[in-house]
file structure.pdb (PDB, N, CA and C atoms, pLDDT in the B column)
ATOM      1  N   MET A   1      85.128  72.593   5.630  1.00 94.00           N
ATOM      2  CA  MET A   1      85.430  73.201   6.901  1.00 94.00           C
ATOM      3  C   MET A   1      86.336  72.251   7.694  1.00 94.00           C
ATOM      4  N   TYR A   2      87.354  72.819   8.324  1.00 97.00           N
ATOM      5  CA  TYR A   2      88.198  72.013   9.203  1.00 97.00           C
ATOM      6  C   TYR A   2      87.483  71.792  10.526  1.00 97.00           C
ATOM      7  N   VAL A   3      87.450  70.551  10.953  1.00 97.00           N
ATOM      8  CA  VAL A   3      86.862  70.203  12.240  1.00 97.00           C
ATOM      9  C   VAL A   3      87.975  70.048  13.271  1.00 97.00           C
ATOM     10  N   CYS A   4      89.041  69.372  12.879  1.00 97.00           N
ATOM     11  CA  CYS A   4      90.186  69.136  13.761  1.00 97.00           C
ATOM     12  C   CYS A   4      91.395  69.853  13.184  1.00 97.00           C
ATOM     13  N   LEU A   5      91.784  70.939  13.811  1.00 96.00           N
ATOM     14  CA  LEU A   5      92.942  71.686  13.334  1.00 96.00           C
ATOM     15  C   LEU A   5      94.250  70.961  13.635  1.00 96.00           C
ATOM     16  N   CYS A   6      94.306  70.254  14.741  1.00 96.00           N
ATOM     17  CA  CYS A   6      95.533  69.552  15.116  1.00 96.00           C
ATOM     18  C   CYS A   6      95.932  68.507  14.075  1.00 96.00           C
ATOM     19  N   LYS A   7      94.942  67.812  13.536  1.00 96.00           N
ATOM     20  CA  LYS A   7      95.197  66.739  12.571  1.00 96.00           C
ATOM     21  C   LYS A   7      94.771  67.107  11.151  1.00 96.00           C
ATOM     22  N   ALA A   8      94.296  68.346  10.967  1.00 97.00           N
ATOM     23  CA  ALA A   8      93.848  68.838   9.650  1.00 97.00           C
ATOM     24  C   ALA A   8      92.771  67.947   9.046  1.00 97.00           C
ATOM     25  N   VAL A   9      91.769  67.607   9.853  1.00 98.00           N
ATOM     26  CA  VAL A   9      90.665  66.763   9.398  1.00 98.00           C
ATOM     27  C   VAL A   9      89.477  67.655   9.065  1.00 98.00           C
ATOM     28  N   THR A  10      88.909  67.413   7.894  1.00 98.00           N
ATOM     29  CA  THR A  10      87.787  68.232   7.442  1.00 98.00           C
ATOM     30  C   THR A  10      86.447  67.548   7.705  1.00 98.00           C
ATOM     31  N   GLN A  11      85.405  68.346   7.610  1.00 97.00           N
ATOM     32  CA  GLN A  11      84.052  67.834   7.741  1.00 97.00           C
ATOM     33  C   GLN A  11      83.789  66.779   6.672  1.00 97.00           C
ATOM     34  N   GLN A  12      84.266  67.015   5.462  1.00 97.00           N
ATOM     35  CA  GLN A  12      84.058  66.067   4.361  1.00 97.00           C
ATOM     36  C   GLN A  12      84.703  64.718   4.659  1.00 97.00           C
ATOM     37  N   GLN A  13      85.889  64.725   5.251  1.00 98.00           N
ATOM     38  CA  GLN A  13      86.556  63.466   5.589  1.00 98.00           C
ATOM     39  C   GLN A  13      85.746  62.684   6.618  1.00 98.00           C
ATOM     40  N   ILE A  14      85.188  63.385   7.592  1.00 97.00           N
ATOM     41  CA  ILE A  14      84.366  62.729   8.610  1.00 97.00           C
ATOM     42  C   ILE A  14      83.102  62.174   7.972  1.00 97.00           C
ATOM     43  N   GLU A  15      82.447  62.969   7.135  1.00 96.00           N
ATOM     44  CA  GLU A  15      81.219  62.512   6.477  1.00 96.00           C
ATOM     45  C   GLU A  15      81.491  61.309   5.578  1.00 96.00           C
ATOM     46  N   ASP A  16      82.605  61.322   4.876  1.00 96.00           N
ATOM     47  CA  ASP A  16      82.963  60.181   4.027  1.00 96.00           C
ATOM     48  C   ASP A  16      83.169  58.924   4.866  1.00 96.00           C
ATOM     49  N   ALA A  17      83.805  59.067   6.013  1.00 96.00           N
ATOM     50  CA  ALA A  17      84.027  57.921   6.901  1.00 96.00           C
ATOM     51  C   ALA A  17      82.706  57.369   7.412  1.00 96.00           C
ATOM     52  N   VAL A  18      81.776  58.254   7.771  1.00 95.00           N
ATOM     53  CA  VAL A  18      80.455  57.818   8.238  1.00 95.00           C
ATOM     54  C   VAL A  18      79.713  57.106   7.116  1.00 95.00           C
ATOM     55  N   ASP A  19      79.810  57.639   5.907  1.00 94.00           N
ATOM     56  CA  ASP A  19      79.170  57.005   4.753  1.00 94.00           C
ATOM     57  C   ASP A  19      79.701  55.592   4.521  1.00 94.00           C
ATOM     58  N   GLN A  20      80.942  55.353   4.931  1.00 94.00           N
ATOM     59  CA  GLN A  20      81.547  54.028   4.805  1.00 94.00           C
ATOM     60  C   GLN A  20      81.222  53.137   6.002  1.00 94.00           C
ATOM     61  N   GLY A  21      80.429  53.661   6.940  1.00 93.00           N
ATOM     62  CA  GLY A  21      79.977  52.864   8.075  1.00 93.00           C
ATOM     63  C   GLY A  21      80.797  52.999   9.334  1.00 93.00           C
ATOM     64  N   HIS A  22      81.710  53.963   9.397  1.00 95.00           N
ATOM     65  CA  HIS A  22      82.550  54.127  10.582  1.00 95.00           C
ATOM     66  C   HIS A  22      81.796  54.788  11.732  1.00 95.00           C
ATOM     67  N   SER A  23      82.084  54.315  12.916  1.00 94.00           N
ATOM     68  CA  SER A  23      81.548  54.905  14.139  1.00 94.00           C
ATOM     69  C   SER A  23      82.486  56.027  14.597  1.00 94.00           C
ATOM     70  N   TYR A  24      82.095  56.714  15.666  1.00 95.00           N
ATOM     71  CA  TYR A  24      82.958  57.766  16.215  1.00 95.00           C
ATOM     72  C   TYR A  24      84.321  57.198  16.604  1.00 95.00           C
ATOM     73  N   ALA A  25      84.320  56.040  17.252  1.00 96.00           N
ATOM     74  CA  ALA A  25      85.588  55.425  17.664  1.00 96.00           C
ATOM     75  C   ALA A  25      86.466  55.105  16.458  1.00 96.00           C
ATOM     76  N   GLN A  26      85.863  54.640  15.399  1.00 96.00           N
ATOM     77  CA  GLN A  26      86.623  54.313  14.191  1.00 96.00           C
ATOM     78  C   GLN A  26      87.139  55.574  13.507  1.00 96.00           C
ATOM     79  N   VAL A  27      86.349  56.643  13.540  1.00 96.00           N
ATOM     80  CA  VAL A  27      86.788  57.918  12.972  1.00 96.00           C
ATOM     81  C   VAL A  27      87.976  58.448  13.772  1.00 96.00           C
ATOM     82  N   ARG A  28      87.895  58.346  15.082  1.00 96.00           N
ATOM     83  CA  ARG A  28      89.022  58.775  15.933  1.00 96.00           C
ATOM     84  C   ARG A  28      90.278  57.993  15.585  1.00 96.00           C
ATOM     85  N   GLN A  29      90.132  56.685  15.448  1.00 96.00           N
ATOM     86  CA  GLN A  29      91.282  55.837  15.184  1.00 96.00           C
ATOM     87  C   GLN A  29      91.860  56.098  13.794  1.00 96.00           C
ATOM     88  N   SER A  30      91.014  56.199  12.791  1.00 96.00           N
ATOM     89  CA  SER A  30      91.520  56.314  11.421  1.00 96.00           C
ATOM     90  C   SER A  30      91.972  57.723  11.060  1.00 96.00           C
ATOM     91  N   LEU A  31      91.269  58.749  11.555  1.00 97.00           N
ATOM     92  CA  LEU A  31      91.594  60.124  11.181  1.00 97.00           C
ATOM     93  C   LEU A  31      92.340  60.897  12.270  1.00 97.00           C
ATOM     94  N   GLY A  32      92.290  60.396  13.500  1.00 96.00           N
ATOM     95  CA  GLY A  32      92.974  61.074  14.593  1.00 96.00           C
ATOM     96  C   GLY A  32      92.182  62.203  15.226  1.00 96.00           C
ATOM     97  N   VAL A  33      90.900  62.285  14.911  1.00 96.00           N
ATOM     98  CA  VAL A  33      90.045  63.339  15.468  1.00 96.00           C
ATOM     99  C   VAL A  33      90.012  63.219  16.993  1.00 96.00           C
ATOM    100  N   ALA A  34      90.162  64.336  17.676  1.00 95.00           N
ATOM    101  CA  ALA A  34      90.069  64.430  19.140  1.00 95.00           C
ATOM    102  C   ALA A  34      91.142  63.621  19.863  1.00 95.00           C
ATOM    103  N   THR A  35      92.279  63.419  19.230  1.00 94.00           N
ATOM    104  CA  THR A  35      93.346  62.661  19.891  1.00 94.00           C
ATOM    105  C   THR A  35      94.473  63.551  20.398  1.00 94.00           C
ATOM    106  N   ASP A  36      94.468  64.830  20.023  1.00 94.00           N
ATOM    107  CA  ASP A  36      95.481  65.757  20.545  1.00 94.00           C
ATOM    108  C   ASP A  36      94.856  66.609  21.645  1.00 94.00           C
ATOM    109  N   CYS A  37      94.403  67.786  21.306  1.00 94.00           N
ATOM    110  CA  CYS A  37      93.853  68.695  22.329  1.00 94.00           C
ATOM    111  C   CYS A  37      92.426  68.329  22.728  1.00 94.00           C
ATOM    112  N   GLY A  38      91.681  67.651  21.833  1.00 93.00           N
ATOM    113  CA  GLY A  38      90.329  67.198  22.155  1.00 93.00           C
ATOM    114  C   GLY A  38      89.227  68.216  21.933  1.00 93.00           C
ATOM    115  N   CYS A  39      89.573  69.426  21.532  1.00 95.00           N
ATOM    116  CA  CYS A  39      88.565  70.477  21.351  1.00 95.00           C
ATOM    117  C   CYS A  39      87.521  70.137  20.291  1.00 95.00           C
ATOM    118  N   CYS A  40      87.879  69.321  19.333  1.00 96.00           N
ATOM    119  CA  CYS A  40      86.977  69.017  18.222  1.00 96.00           C
ATOM    120  C   CYS A  40      86.057  67.830  18.501  1.00 96.00           C
ATOM    121  N   GLY A  41      86.233  67.157  19.598  1.00 95.00           N
ATOM    122  CA  GLY A  41      85.489  65.936  19.882  1.00 95.00           C
ATOM    123  C   GLY A  41      83.986  66.090  19.818  1.00 95.00           C
ATOM    124  N   GLN A  42      83.457  67.109  20.472  1.00 96.00           N
ATOM    125  CA  GLN A  42      82.010  67.302  20.495  1.00 96.00           C
ATOM    126  C   GLN A  42      81.462  67.668  19.121  1.00 96.00           C
ATOM    127  N   VAL A  43      82.199  68.483  18.383  1.00 96.00           N
ATOM    128  CA  VAL A  43      81.772  68.858  17.030  1.00 96.00           C
ATOM    129  C   VAL A  43      81.775  67.620  16.136  1.00 96.00           C
ATOM    130  N   ALA A  44      82.810  66.808  16.233  1.00 96.00           N
ATOM    131  CA  ALA A  44      82.890  65.589  15.435  1.00 96.00           C
ATOM    132  C   ALA A  44      81.738  64.643  15.771  1.00 96.00           C
ATOM    133  N   LYS A  45      81.440  64.479  17.044  1.00 97.00           N
ATOM    134  CA  LYS A  45      80.325  63.619  17.448  1.00 97.00           C
ATOM    135  C   LYS A  45      79.012  64.118  16.867  1.00 97.00           C
ATOM    136  N   GLN A  46      78.799  65.428  16.915  1.00 97.00           N
ATOM    137  CA  GLN A  46      77.568  66.010  16.385  1.00 97.00           C
ATOM    138  C   GLN A  46      77.477  65.795  14.871  1.00 97.00           C
ATOM    139  N   LEU A  47      78.565  66.008  14.164  1.00 96.00           N
ATOM    140  CA  LEU A  47      78.579  65.776  12.718  1.00 96.00           C
ATOM    141  C   LEU A  47      78.261  64.324  12.390  1.00 96.00           C
ATOM    142  N   ILE A  48      78.845  63.416  13.127  1.00 96.00           N
ATOM    143  CA  ILE A  48      78.608  61.991  12.904  1.00 96.00           C
ATOM    144  C   ILE A  48      77.151  61.651  13.193  1.00 96.00           C
ATOM    145  N   ARG A  49      76.615  62.195  14.276  1.00 95.00           N
ATOM    146  CA  ARG A  49      75.212  61.956  14.629  1.00 95.00           C
ATOM    147  C   ARG A  49      74.284  62.460  13.517  1.00 95.00           C
ATOM    148  N   GLU A  50      74.532  63.677  13.047  1.00 95.00           N
ATOM    149  CA  GLU A  50      73.695  64.256  12.005  1.00 95.00           C
ATOM    150  C   GLU A  50      73.803  63.478  10.700  1.00 95.00           C
ATOM    151  N   ARG A  51      75.019  63.083  10.356  1.00 94.00           N
ATOM    152  CA  ARG A  51      75.227  62.342   9.102  1.00 94.00           C
ATOM    153  C   ARG A  51      74.572  60.973   9.182  1.00 94.00           C
ATOM    154  N   THR A  52      74.681  60.304  10.313  1.00 91.00           N
ATOM    155  CA  THR A  52      74.081  58.989  10.498  1.00 91.00           C
ATOM    156  C   THR A  52      72.565  59.071  10.373  1.00 91.00           C
ATOM    157  N   GLU A  53      71.980  60.109  10.947  1.00 90.00           N
ATOM    158  CA  GLU A  53      70.527  60.272  10.884  1.00 90.00           C
ATOM    159  C   GLU A  53      70.042  60.560   9.467  1.00 90.00           C
ATOM    160  N   SER A  54      70.898  61.152   8.629  1.00 88.00           N
ATOM    161  CA  SER A  54      70.486  61.501   7.271  1.00 88.00           C
ATOM    162  C   SER A  54      70.681  60.357   6.280  1.00 88.00           C
ATOM    163  N   LEU A  55      71.379  59.291   6.697  1.00 79.00           N
ATOM    164  CA  LEU A  55      71.601  58.162   5.793  1.00 79.00           C
ATOM    165  C   LEU A  55      70.327  57.333   5.667  1.00 79.00           C
ATOM    166  N   PRO A  56      70.076  56.783   4.482  1.00 78.00           N
ATOM    167  CA  PRO A  56      68.884  55.940   4.311  1.00 78.00           C
ATOM    168  C   PRO A  56      69.040  54.645   5.122  1.00 78.00           C
ATOM    169  N   VAL A  57      67.920  54.147   5.575  1.00 71.00           N
ATOM    170  CA  VAL A  57      67.918  52.894   6.342  1.00 71.00           C
ATOM    171  C   VAL A  57      67.981  51.740   5.351  1.00 71.00           C
ATOM    172  N   CYS A  58      68.903  50.851   5.573  1.00 64.00           N
ATOM    173  CA  CYS A  58      69.044  49.670   4.719  1.00 64.00           C
ATOM    174  C   CYS A  58      67.849  48.758   4.940  1.00 64.00           C
ATOM    175  N   GLU A  59      67.259  48.262   3.851  1.00 52.00           N
ATOM    176  CA  GLU A  59      66.086  47.394   3.971  1.00 52.00           C
ATOM    177  C   GLU A  59      66.408  46.129   4.733  1.00 52.00           C
ATOM    178  N   PHE A  60      67.615  45.599   4.544  1.00 47.00           N
ATOM    179  CA  PHE A  60      68.016  44.385   5.265  1.00 47.00           C
ATOM    180  C   PHE A  60      68.044  44.645   6.762  1.00 47.00           C
ATOM    181  N   ALA A  61      68.611  45.774   7.165  1.00 53.00           N
ATOM    182  CA  ALA A  61      68.687  46.108   8.587  1.00 53.00           C
ATOM    183  C   ALA A  61      67.298  46.346   9.170  1.00 53.00           C
ATOM    184  N   ALA A  62      66.409  46.941   8.384  1.00 52.00           N
ATOM    185  CA  ALA A  62      65.052  47.208   8.857  1.00 52.00           C
ATOM    186  C   ALA A  62      64.273  45.924   9.029  1.00 52.00           C
ATOM    187  N   ALA A  63      64.565  44.885   8.247  1.00 49.00           N
ATOM    188  CA  ALA A  63      63.853  43.622   8.317  1.00 49.00           C
ATOM    189  C   ALA A  63      64.315  42.770   9.498  1.00 49.00           C
ATOM    190  N   SER A  64      65.451  43.056  10.053  1.00 48.00           N
ATOM    191  CA  SER A  64      66.005  42.235  11.150  1.00 48.00           C
ATOM    192  C   SER A  64      65.244  42.423  12.428  1.00 48.00           C
TER     193      SER A  64
END

call {"tool": "encode", "arguments": {"input": "structure.pdb", "output": "structure tokens"}}
result
Amino acid sequence: MYVCLCKAVTQQQIEDAVDQGHSYAQVRQSLGVATDCGCCGQVAKQLIRERTESLPVCEFAAAS
């Protein structure tokens, strides 16, 4: 599914970026999400939030 029509960014591209540890700000910078009209910003944030919550917690991070 396309999330950002202005930059042709898909949901999969956003999820892949989150899987690599990118934050919303990093996704905006690298993919250009929400940098033109901004309509996709809230959807992108929600996708990132949902994807982050579904990722397993690293044992090292949990021990800190």

call {"tool": "residues_around", "arguments": {"input": "structure.pdb", "residues": "segment 20-35 of chain A", "least_positions_apart": "5", "cutoff": "8 Å", "atoms": "all atoms listed in the file", "output": "list in words"}}
result
Val3, Cys4, Leu5, Cys6, Lys7, Ala8, Val9, Gln13, Ile14, Glu15, Cys40, Gly41, Gln42, Ala44, Lys45, Ile48 and Arg49 of chain A

call {"tool": "atom_distance", "arguments": {"input": "structure.pdb", "atom1": "atom CA of Gln11 of chain A", "atom2": "atom CA of Val57 of chain A"}}
result
22.0 Å

call {"tool": "atom_distance", "arguments": {"input": "structure.pdb", "atom1": "atom CA of Gly38 of chain A", "atom2": "atom C of Val18 of chain A"}}
result
21.0 Å

call {"tool": "atom_distance", "arguments": {"input": "structure.pdb", "atom1": "atom CA of Leu55 of chain A", "atom2": "atom CA of Asp16 of chain A"}}
result
11.7 Å

call {"tool": "select_by_dssp", "arguments": {"input": "structure.pdb", "residues": "chain A", "states": "helix (DSSP H, G or I)", "output": "PyMOL selection string"}}
result
chain A and resi 11-19+24-31+41-54+59-63

call {"tool": "axis_aligned_box", "arguments": {"input": "structure.pdb", "around": "segment 3-9 of chain A", "padding_each_side": "3 Å", "output": "JSON"}}
result
{"center_x": 91.4, "center_y": 69.2, "center_z": 12.1, "size_x": 15.1, "size_y": 10.9, "size_z": 12.1}

call {"tool": "select_by_dssp", "arguments": {"input": "structure.pdb", "residues": "chain A", "states": "strand (DSSP E)", "output": "PyMOL selection string"}}
result
chain A and resi 2-4+9-10

call {"tool": "decode", "arguments": {"input": "structure.pdb", "residues": "segment 4-46 of chain A", "atoms": "N, CA and C atoms", "output": "mmCIF file, in the first residue's frame"}}
result
data_model
loop_
_atom_site.group_PDB
_atom_site.id
_atom_site.type_symbol
_atom_site.label_atom_id
_atom_site.label_comp_id
_atom_site.auth_asym_id
_atom_site.auth_seq_id
_atom_site.Cartn_x
_atom_site.Cartn_y
_atom_site.Cartn_z
ATOM 1 N N CYS A 4 2.724 7.396 1.148
ATOM 2 C CA CYS A 4 3.033 8.749 0.680
ATOM 3 C C CYS A 4 2.968 8.761 -0.837
ATOM 4 N N LEU A 5 1.931 9.360 -1.374
ATOM 5 C CA LEU A 5 1.792 9.429 -2.823
ATOM 6 C C LEU A 5 2.772 10.422 -3.442
ATOM 7 N N CYS A 6 3.074 11.489 -2.737
ATOM 8 C CA CYS A 6 3.984 12.502 -3.271
ATOM 9 C C CYS A 6 5.373 11.929 -3.552
ATOM 10 N N LYS A 7 5.838 11.061 -2.667
ATOM 11 C CA LYS A 7 7.180 10.486 -2.792
ATOM 12 C C LYS A 7 7.157 9.008 -3.176
ATOM 13 N N ALA A 8 5.955 8.465 -3.407
ATOM 14 C CA ALA A 8 5.781 7.049 -3.787
ATOM 15 C C ALA A 8 6.413 6.107 -2.772
ATOM 16 N N VAL A 9 6.137 6.349 -1.492
ATOM 17 C CA VAL A 9 6.670 5.516 -0.417
ATOM 18 C C VAL A 9 5.591 4.534 0.019
ATOM 19 N N THR A 10 5.988 3.275 0.114
ATOM 20 C CA THR A 10 5.033 2.232 0.481
ATOM 21 C C THR A 10 5.123 1.882 1.965
ATOM 22 N N GLN A 11 4.101 1.189 2.419
ATOM 23 C CA GLN A 11 4.073 0.697 3.786
ATOM 24 C C GLN A 11 5.264 -0.225 4.030
ATOM 25 N N GLN A 12 5.587 -1.061 3.059
ATOM 26 C CA GLN A 12 6.709 -1.997 3.199
ATOM 27 C C GLN A 12 8.030 -1.258 3.386
ATOM 28 N N GLN A 13 8.226 -0.164 2.664
ATOM 29 C CA GLN A 13 9.460 0.610 2.809
ATOM 30 C C GLN A 13 9.571 1.192 4.216
ATOM 31 N N ILE A 14 8.459 1.670 4.749
ATOM 32 C CA ILE A 14 8.457 2.221 6.105
ATOM 33 C C ILE A 14 8.739 1.116 7.110
ATOM 34 N N GLU A 15 8.078 -0.025 6.958
ATOM 35 C CA GLU A 15 8.290 -1.142 7.884
ATOM 36 C C GLU A 15 9.733 -1.635 7.829
ATOM 37 N N ASP A 16 10.305 -1.692 6.644
ATOM 38 C CA ASP A 16 11.705 -2.108 6.513
ATOM 39 C C ASP A 16 12.631 -1.131 7.230
ATOM 40 N N ALA A 17 12.352 0.153 7.115
ATOM 41 C CA ALA A 17 13.169 1.167 7.790
ATOM 42 C C ALA A 17 13.069 1.023 9.300
ATOM 43 N N VAL A 18 11.864 0.766 9.807
ATOM 44 C CA VAL A 18 11.675 0.570 11.250
ATOM 45 C C VAL A 18 12.419 -0.675 11.709
ATOM 46 N N ASP A 19 12.354 -1.734 10.915
ATOM 47 C CA ASP A 19 13.072 -2.967 11.246
ATOM 48 C C ASP A 19 14.578 -2.733 11.341
ATOM 49 N N GLN A 20 15.068 -1.739 10.609
ATOM 50 C CA GLN A 20 16.487 -1.387 10.648
ATOM 51 C C GLN A 20 16.800 -0.409 11.776
ATOM 52 N N GLY A 21 15.780 -0.055 12.563
ATOM 53 C CA GLY A 21 15.989 0.796 13.729
ATOM 54 C C GLY A 21 15.741 2.270 13.512
ATOM 55 N N HIS A 22 15.161 2.657 12.381
ATOM 56 C CA HIS A 22 14.918 4.071 12.106
ATOM 57 C C HIS A 22 13.722 4.610 12.886
ATOM 58 N N SER A 23 13.867 5.829 13.334
ATOM 59 C CA SER A 23 12.783 6.546 13.998
ATOM 60 C C SER A 23 11.946 7.268 12.936
ATOM 61 N N TYR A 24 10.871 7.912 13.379
ATOM 62 C CA TYR A 24 10.042 8.682 12.445
ATOM 63 C C TYR A 24 10.873 9.758 11.749
ATOM 64 N N ALA A 25 11.702 10.457 12.514
ATOM 65 C CA ALA A 25 12.536 11.513 11.924
ATOM 66 C C ALA A 25 13.486 10.945 10.873
ATOM 67 N N GLN A 26 14.035 9.792 11.138
ATOM 68 C CA GLN A 26 14.953 9.166 10.185
ATOM 69 C C GLN A 26 14.211 8.678 8.945
ATOM 70 N N VAL A 27 12.989 8.187 9.130
ATOM 71 C CA VAL A 27 12.174 7.759 7.993
ATOM 72 C C VAL A 27 11.839 8.970 7.125
ATOM 73 N N ARG A 28 11.493 10.070 7.758
ATOM 74 C CA ARG A 28 11.212 11.306 7.003
ATOM 75 C C ARG A 28 12.429 11.721 6.191
ATOM 76 N N GLN A 29 13.591 11.690 6.825
ATOM 77 C CA GLN A 29 14.806 12.133 6.161
ATOM 78 C C GLN A 29 15.196 11.189 5.025
ATOM 79 N N SER A 30 15.143 9.896 5.263
ATOM 80 C CA SER A 30 15.636 8.951 4.256
ATOM 81 C C SER A 30 14.639 8.692 3.133
ATOM 82 N N LEU A 31 13.340 8.646 3.451
ATOM 83 C CA LEU A 31 12.337 8.317 2.441
ATOM 84 C C LEU A 31 11.550 9.529 1.938
ATOM 85 N N GLY A 32 11.596 10.625 2.688
ATOM 86 C CA GLY A 32 10.873 11.821 2.279
ATOM 87 C C GLY A 32 9.409 11.839 2.678
ATOM 88 N N VAL A 33 9.016 10.925 3.550
ATOM 89 C CA VAL A 33 7.622 10.855 4.003
ATOM 90 C C VAL A 33 7.241 12.168 4.692
ATOM 91 N N ALA A 34 6.080 12.694 4.357
ATOM 92 C CA ALA A 34 5.508 13.897 4.977
ATOM 93 C C ALA A 34 6.354 15.147 4.754
ATOM 94 N N THR A 35 7.103 15.187 3.671
ATOM 95 C CA THR A 35 7.920 16.375 3.406
ATOM 96 C C THR A 35 7.337 17.259 2.312
ATOM 97 N N ASP A 36 6.312 16.778 1.609
ATOM 98 C CA ASP A 36 5.653 17.615 0.597
ATOM 99 C C ASP A 36 4.344 18.151 1.169
ATOM 100 N N CYS A 37 3.252 17.492 0.887
ATOM 101 C CA CYS A 37 1.942 17.991 1.343
ATOM 102 C C CYS A 37 1.677 17.676 2.813
ATOM 103 N N GLY A 38 2.319 16.620 3.351
ATOM 104 C CA GLY A 38 2.180 16.286 4.767
ATOM 105 C C GLY A 38 0.982 15.427 5.123
ATOM 106 N N CYS A 39 0.142 15.106 4.157
ATOM 107 C CA CYS A 39 -1.068 14.325 4.439
ATOM 108 C C CYS A 39 -0.774 12.939 5.005
ATOM 109 N N CYS A 40 0.370 12.389 4.689
ATOM 110 C CA CYS A 40 0.694 11.024 5.103
ATOM 111 C C CYS A 40 1.365 10.955 6.475
ATOM 112 N N GLY A 41 1.679 12.069 7.065
ATOM 113 C CA GLY A 41 2.436 12.095 8.311
ATOM 114 C C GLY A 41 1.828 11.281 9.430
ATOM 115 N N GLN A 42 0.542 11.459 9.674
ATOM 116 C CA GLN A 42 -0.111 10.741 10.766
ATOM 117 C C GLN A 42 -0.186 9.243 10.498
ATOM 118 N N VAL A 43 -0.441 8.871 9.254
ATOM 119 C CA VAL A 43 -0.491 7.450 8.893
ATOM 120 C C VAL A 43 0.893 6.832 9.073
ATOM 121 N N ALA A 44 1.925 7.525 8.631
ATOM 122 C CA ALA A 44 3.288 7.025 8.779
ATOM 123 C C ALA A 44 3.650 6.861 10.254
ATOM 124 N N LYS A 45 3.300 7.831 11.075
ATOM 125 C CA LYS A 45 3.577 7.734 12.510
ATOM 126 C C LYS A 45 2.885 6.526 13.120
ATOM 127 N N GLN A 46 1.632 6.303 12.739
ATOM 128 C CA GLN A 46 0.877 5.168 13.266
ATOM 129 C C GLN A 46 1.512 3.845 12.828
#
